[in-house]
$ cat my_file35.txt   # compact mmCIF, C-alpha atoms
# COMPACT_ATOMS: atom_id res chain seq x y z
CA GLN A 1 -19.36 -3.95 -2.67
CA LYS A 2 -15.63 -3.42 -2.31
CA GLU A 3 -14.20 -0.51 -4.26
CA VAL A 4 -11.47 -2.72 -5.69
CA GLU A 5 -11.78 -6.47 -6.19
CA GLN A 6 -8.81 -8.74 -6.71
CA ASP A 7 -8.55 -12.52 -6.75
CA PRO A 8 -6.31 -13.54 -3.83
CA GLY A 9 -4.84 -16.58 -5.59
CA PRO A 10 -2.43 -18.18 -5.13
CA LEU A 11 -1.57 -18.32 -8.80
CA SER A 12 1.07 -20.93 -9.56
CA VAL A 13 2.91 -20.92 -12.90
CA PRO A 14 6.10 -22.48 -14.27
CA GLU A 15 9.11 -20.32 -15.03
CA GLY A 16 8.81 -18.63 -18.42
CA ALA A 17 5.02 -18.47 -18.42
CA ILE A 18 3.02 -15.35 -19.17
CA VAL A 19 1.17 -14.21 -16.09
CA SER A 20 -2.05 -12.20 -16.09
CA LEU A 21 -3.14 -10.45 -12.90
CA ASN A 22 -6.42 -8.56 -12.77
CA CYS A 23 -8.53 -6.20 -10.73
CA THR A 24 -11.93 -4.62 -11.10
CA TYR A 25 -13.05 -1.37 -9.51
CA SER A 26 -16.44 0.16 -8.95
CA ASN A 27 -16.02 3.94 -8.92
CA SER A 28 -15.53 5.77 -12.21
CA ALA A 29 -13.90 8.66 -10.29
CA PHE A 30 -10.72 6.65 -10.09
CA GLN A 31 -8.40 7.93 -12.76
CA TYR A 32 -4.99 6.67 -11.68
CA PHE A 33 -4.02 3.03 -11.51
CA MET A 34 -1.03 1.41 -9.93
CA TRP A 35 0.51 -1.98 -9.33
CA TYR A 36 2.58 -2.71 -6.26
CA ARG A 37 4.72 -5.76 -5.57
CA GLN A 38 5.12 -7.05 -2.03
CA TYR A 39 7.65 -9.67 -1.11
CA SER A 40 7.13 -11.70 2.04
CA ARG A 41 7.89 -9.73 5.22
CA LYS A 42 8.45 -6.52 3.22
CA GLY A 43 6.49 -3.38 2.50
CA PRO A 44 4.87 -2.89 -0.92
CA GLU A 45 6.91 -1.23 -3.65
CA LEU A 46 5.50 0.62 -6.64
CA LEU A 47 5.91 -1.39 -9.83
CA MET A 48 3.96 0.58 -12.42
CA TYR A 49 1.39 3.33 -12.71
CA THR A 50 -0.91 4.45 -15.50
CA TYR A 51 -3.36 7.24 -16.06
CA SER A 52 -6.73 6.66 -17.68
CA SER A 53 -7.11 3.92 -20.27
CA GLY A 54 -4.43 2.27 -22.33
CA ASN A 55 -1.28 0.24 -21.99
CA LYS A 56 2.09 0.93 -20.43
CA GLU A 57 5.09 -1.31 -20.83
CA ASP A 58 8.23 -1.56 -18.71
CA GLY A 59 10.53 -4.41 -19.53
CA ARG A 60 8.70 -7.68 -18.90
CA PHE A 61 5.75 -5.91 -17.32
CA THR A 62 2.72 -4.43 -19.09
CA ALA A 63 -0.07 -2.59 -17.30
CA GLN A 64 -3.42 -2.28 -19.04
CA VAL A 65 -6.46 -0.22 -18.10
CA ASP A 66 -9.94 -0.52 -19.59
CA LYS A 67 -12.00 2.25 -18.03
CA SER A 68 -15.14 1.30 -19.93
CA SER A 69 -15.29 -2.01 -18.08
CA LYS A 70 -13.44 -0.77 -14.96
CA TYR A 71 -10.85 -3.48 -15.39
CA ILE A 72 -7.10 -3.28 -14.84
CA SER A 73 -4.48 -5.88 -15.66
CA LEU A 74 -0.80 -6.56 -15.17
CA PHE A 75 0.95 -8.93 -17.54
CA ILE A 76 4.34 -10.45 -16.77
CA ARG A 77 6.22 -12.02 -19.65
CA ASP A 78 8.88 -14.68 -19.21
CA SER A 79 8.08 -14.98 -15.52
CA GLN A 80 10.95 -15.73 -13.16
CA PRO A 81 11.07 -17.31 -9.70
CA SER A 82 12.11 -13.88 -8.41
CA ASP A 83 8.68 -12.60 -9.50
CA SER A 84 7.11 -14.72 -6.76
CA ALA A 85 5.39 -12.16 -4.54
CA THR A 86 2.01 -10.67 -3.80
CA TYR A 87 0.83 -8.15 -6.37
CA LEU A 88 -1.52 -5.41 -5.26
CA CYS A 89 -3.49 -3.18 -7.56
CA ALA A 90 -4.32 0.31 -6.34
CA VAL A 91 -6.51 3.09 -7.64
CA MET A 92 -6.53 6.78 -6.87
CA ASN A 93 -9.08 9.50 -7.37
CA THR A 94 -8.45 12.79 -9.13
CA GLY A 95 -7.92 14.63 -5.86
CA PHE A 96 -4.88 12.47 -5.12
CA GLN A 97 -6.08 11.94 -1.59
CA LYS A 98 -7.53 8.48 -1.59
CA LEU A 99 -5.44 5.48 -2.55
CA VAL A 100 -7.47 2.28 -2.46
CA PHE A 101 -5.75 -1.08 -2.61
CA GLY A 102 -6.97 -4.45 -3.77
CA THR A 103 -6.42 -7.38 -1.43
CA GLY A 104 -3.49 -8.67 -3.48
CA THR A 105 -2.84 -11.77 -5.59
CA ARG A 106 -0.13 -14.15 -4.47
CA LEU A 107 1.99 -15.34 -7.39
CA LEU A 108 4.27 -18.38 -7.24
CA VAL A 109 6.67 -19.00 -10.12
CA SER A 110 8.32 -22.41 -9.93
CA PRO A 111 11.71 -23.12 -11.55
CA GLU B 1 20.03 5.43 1.57
CA ALA B 2 16.45 6.64 1.09
CA GLN B 3 14.23 4.79 3.48
CA VAL B 4 11.26 4.68 5.77
CA THR B 5 11.94 3.12 9.15
CA GLN B 6 9.44 1.80 11.64
CA ASN B 7 9.88 0.70 15.22
CA PRO B 8 9.26 -1.71 16.70
CA ARG B 9 9.07 -4.35 13.97
CA TYR B 10 7.23 -6.79 16.22
CA LEU B 11 5.15 -6.06 19.29
CA ILE B 12 2.98 -8.19 21.54
CA THR B 13 0.95 -6.27 24.08
CA VAL B 14 -2.17 -6.53 26.19
CA THR B 15 -5.54 -4.86 25.87
CA GLY B 16 -5.59 -1.29 27.11
CA LYS B 17 -1.85 -0.69 27.35
CA LYS B 18 -1.00 2.46 25.40
CA LEU B 19 1.59 2.06 22.69
CA THR B 20 3.30 4.10 20.00
CA VAL B 21 4.71 2.88 16.71
CA THR B 22 7.27 5.28 15.33
CA CYS B 23 7.81 6.10 11.67
CA SER B 24 10.61 8.16 10.23
CA GLN B 25 11.66 9.03 6.68
CA ASN B 26 14.91 10.60 5.50
CA MET B 27 13.71 11.86 2.10
CA ASN B 28 12.20 15.19 3.15
CA HIS B 29 8.81 13.95 1.97
CA GLU B 30 5.72 16.03 2.65
CA TYR B 31 3.15 13.25 2.54
CA MET B 32 3.06 10.43 5.07
CA SER B 33 0.47 7.79 5.73
CA TRP B 34 -0.34 4.80 7.93
CA TYR B 35 -1.97 1.61 6.66
CA ARG B 36 -3.00 -1.65 8.22
CA GLN B 37 -2.93 -4.88 6.27
CA ASP B 38 -5.26 -7.76 7.14
CA PRO B 39 -5.90 -11.04 5.31
CA GLY B 40 -8.79 -10.72 2.88
CA LEU B 41 -9.06 -6.97 3.46
CA GLY B 42 -5.82 -5.75 1.95
CA LEU B 43 -4.20 -2.44 2.83
CA ARG B 44 -6.48 0.12 4.41
CA GLN B 45 -5.49 3.67 5.16
CA ILE B 46 -5.70 4.72 8.81
CA TYR B 47 -4.48 8.33 8.76
CA TYR B 48 -2.49 10.50 6.43
CA SER B 49 -0.60 13.77 6.68
CA MET B 50 -0.10 16.26 3.87
CA ASN B 51 2.57 18.17 5.79
CA VAL B 52 3.67 19.22 9.28
CA GLU B 53 0.68 19.79 11.57
CA VAL B 54 -1.74 18.68 8.83
CA THR B 55 -3.36 15.30 9.38
CA ASP B 56 -6.61 13.69 8.27
CA LYS B 57 -8.53 10.47 8.71
CA GLY B 58 -8.31 7.64 6.27
CA ASP B 59 -10.77 4.78 5.97
CA VAL B 60 -10.26 3.12 9.35
CA PRO B 61 -9.18 5.78 11.90
CA GLU B 62 -11.13 4.54 14.94
CA GLY B 63 -8.88 3.69 17.88
CA TYR B 64 -5.82 5.42 16.47
CA LYS B 65 -4.18 8.81 16.82
CA VAL B 66 -1.36 10.44 14.93
CA SER B 67 0.72 13.58 15.12
CA ARG B 68 3.06 15.33 12.70
CA LYS B 69 5.22 17.78 14.62
CA GLU B 70 8.26 17.27 12.43
CA LYS B 71 8.43 16.58 8.73
CA ARG B 72 10.39 13.36 9.10
CA ASN B 73 8.32 11.69 11.85
CA PHE B 74 4.76 10.41 11.88
CA PRO B 75 4.05 8.27 14.95
CA LEU B 76 0.95 6.09 15.26
CA ILE B 77 -0.56 6.00 18.74
CA LEU B 78 -2.94 3.40 20.12
CA GLU B 79 -4.30 4.87 23.34
CA SER B 80 -6.15 1.72 24.42
CA PRO B 81 -5.35 -1.17 22.09
CA SER B 82 -7.91 -3.90 21.55
CA PRO B 83 -7.55 -7.37 19.98
CA ASN B 84 -9.20 -6.19 16.74
CA GLN B 85 -6.19 -3.94 16.23
CA THR B 86 -3.98 -6.97 15.82
CA SER B 87 -2.58 -6.43 12.35
CA LEU B 88 0.41 -5.65 10.16
CA TYR B 89 1.02 -1.90 10.02
CA PHE B 90 2.84 0.01 7.32
CA CYS B 91 4.01 3.59 7.25
CA ALA B 92 4.52 5.20 3.83
CA SER B 93 5.78 8.51 2.52
CA SER B 94 5.90 10.32 -0.79
CA LYS B 95 7.29 13.59 -2.05
CA THR B 96 4.00 15.45 -2.30
CA SER B 97 0.38 14.77 -1.56
CA GLY B 98 0.28 11.21 -2.75
CA GLY B 99 -0.04 12.12 -6.41
CA TYR B 100 0.17 9.01 -8.53
CA THR B 101 3.44 10.06 -10.07
CA ASP B 102 5.05 10.26 -6.67
CA THR B 103 6.29 6.90 -5.60
CA GLN B 104 5.06 5.97 -2.16
CA TYR B 105 7.87 4.42 -0.17
CA PHE B 106 6.72 1.90 2.38
CA GLY B 107 8.40 0.98 5.62
CA PRO B 108 9.19 -2.65 6.52
CA GLY B 109 6.04 -3.10 8.59
CA THR B 110 5.20 -3.56 12.26
CA ARG B 111 3.45 -6.74 13.28
CA LEU B 112 1.26 -5.97 16.28
CA THR B 113 -0.51 -8.54 18.41
CA VAL B 114 -2.94 -7.38 21.09
CA LEU B 115 -3.90 -10.07 23.61
$ encode --input "my_file35.txt" --output "structure tokens"
Amino acid sequence: QKEVEQDPGPLSVPEGAIVSLNCTYSNSAFQYFMWYRQYSRKGPELLMYTYSSGNKEDGRFTAQVDKSSKYISLFIRDSQPSDSATYLCAVMNTGFQKLVFGTGTRLLVSP
Amino acid sequence: EAQVTQNPRYLITVTGKKLTVTCSQNMNHEYMSWYRQDPGLGLRQIYYSMNVEVTDKGDVPEGYKVSRKEKRNFPLILESPSPNQTSLYFCASSKTSGGYTDTQYFGPGTRLTVL
């Protein structure tokens, strides 16, 4: 079983839609949760990070963690064509040494 | 401009021919790391370095070597490349030991093909 599971997509939505991206993880030792965005032919860039359970909001983006079900989500409101990218979830253990990535979900937002 | 640079960006080589992919950061970061990215497998860590002369294996270290003689540079060495090392490689750095509050900056990637 992979430590982090993520649907590869692609997920296609019209501009303005609310997007929900999700990951599940298997190890309860993971305490830190991150979302990276990767544009084509570029390296990933950190979008948001959260610690433990709860929500965190940054503009149009909301990250949500449910540790009881080992489920993490990223919501994008009012999606834009510029949001078209691959979104990778990542989890980290308490020792800060192991960062494990999901396989990424490709998002396409059409005008 | 704060950045992580990698060279070369694209490389086609043959089995067994030693190669080095360079990585350099200009942010005085302590932590540096190498990843490979493959379809369906995502990003997997190859090696990481907590500081100068301190390196450790990640999840997929076989067939790779690294060194950290200077803080800014973290080259990835393939002593005898094989076709299964064909992949997209990323170097990353962060201020300290990869703590989640420290943004990891990724380089632009090196696409390696081993024939």
$ closest_residue --input "my_file35.txt" --among "A:Ile18, A:Val65, A:Leu11, A:Leu108" --to "A:Phe33" --atoms "all atoms listed in the file"
A:Val65
$ closest_residue --input "my_file35.txt" --among "B:Ile12, B:Met32, B:Arg111, B:Asn84" --to "B:Arg68" --atoms "only C-alpha atoms"
B:Met32
$ interface_residues --input "my_file35.txt" --of "chain B" --to "chain A" --cutoff "12 Å" --atoms "only C-alpha atoms" --output "PyMOL selection string"
chain B and resi 3-6+9-10+31-50+55-59+88-94+96-111
$ residues_around --input "my_file35.txt" --residues "B:Leu112" --least-positions-apart "3" --cutoff "6 Å" --atoms "all atoms listed in the file" --output "PyMOL selection string"
chain B and resi 11-12+86-87
$ residues_near_point --input "my_file35.txt" --point "(8.2, 9.8, 12.9)" --cutoff "10 Å" --atoms "all atoms listed in the file" --output "compact mmCIF listing (two decimals) with C-alpha atoms, keeping the file's coordinate frame"
# COMPACT_ATOMS: atom_id res chain seq x y z
CA VAL B 4 11.26 4.68 5.77
CA THR B 5 11.94 3.12 9.15
CA GLN B 6 9.44 1.80 11.64
CA ASN B 7 9.88 0.70 15.22
CA VAL B 21 4.71 2.88 16.71
CA THR B 22 7.27 5.28 15.33
CA CYS B 23 7.81 6.10 11.67
CA SER B 24 10.61 8.16 10.23
CA GLN B 25 11.66 9.03 6.68
CA MET B 32 3.06 10.43 5.07
CA VAL B 66 -1.36 10.44 14.93
CA SER B 67 0.72 13.58 15.12
CA ARG B 68 3.06 15.33 12.70
CA LYS B 69 5.22 17.78 14.62
CA GLU B 70 8.26 17.27 12.43
CA LYS B 71 8.43 16.58 8.73
CA ARG B 72 10.39 13.36 9.10
CA ASN B 73 8.32 11.69 11.85
CA PHE B 74 4.76 10.41 11.88
CA PRO B 75 4.05 8.27 14.95
CA LEU B 76 0.95 6.09 15.26
CA CYS B 91 4.01 3.59 7.25
$ atom_distance --input "my_file35.txt" --atom1 "atom CA of A:Glu5" --atom2 "atom CA of A:Gln38"
17.4 Å
$ residues_around --input "my_file35.txt" --residues "A:Gly59" --least-positions-apart "6" --cutoff "12 Å" --atoms "only C-alpha atoms" --output "number ranges by chain"
A: 47-48, 75-79
$ atom_distance --input "my_file35.txt" --atom1 "atom CA of B:Leu19" --atom2 "atom CA of B:Asn51"
23.4 Å
$ closest_residue --input "my_file35.txt" --among "B:Thr15, B:Asn28, B:Thr113, B:Thr20" --to "B:Ser82" --atoms "all atoms listed in the file"
B:Thr15
$ axis_aligned_box --input "my_file35.txt" --around "stretch 4-8 of chain A" --padding-each-side "6 Å" --output "JSON"
{"center_x": -9.0, "center_y": -8.1, "center_z": -5.3, "size_x": 17.5, "size_y": 22.8, "size_z": 14.9}
$ atom_distance --input "my_file35.txt" --atom1 "atom CA of A:Glu15" --atom2 "atom CA of A:Pro81"
6.4 Å
$ closest_residue --input "my_file35.txt" --among "A:Ala85, A:Cys23, A:Ala29, A:Val109" --to "A:Tyr71" --atoms "all atoms listed in the file"
A:Cys23
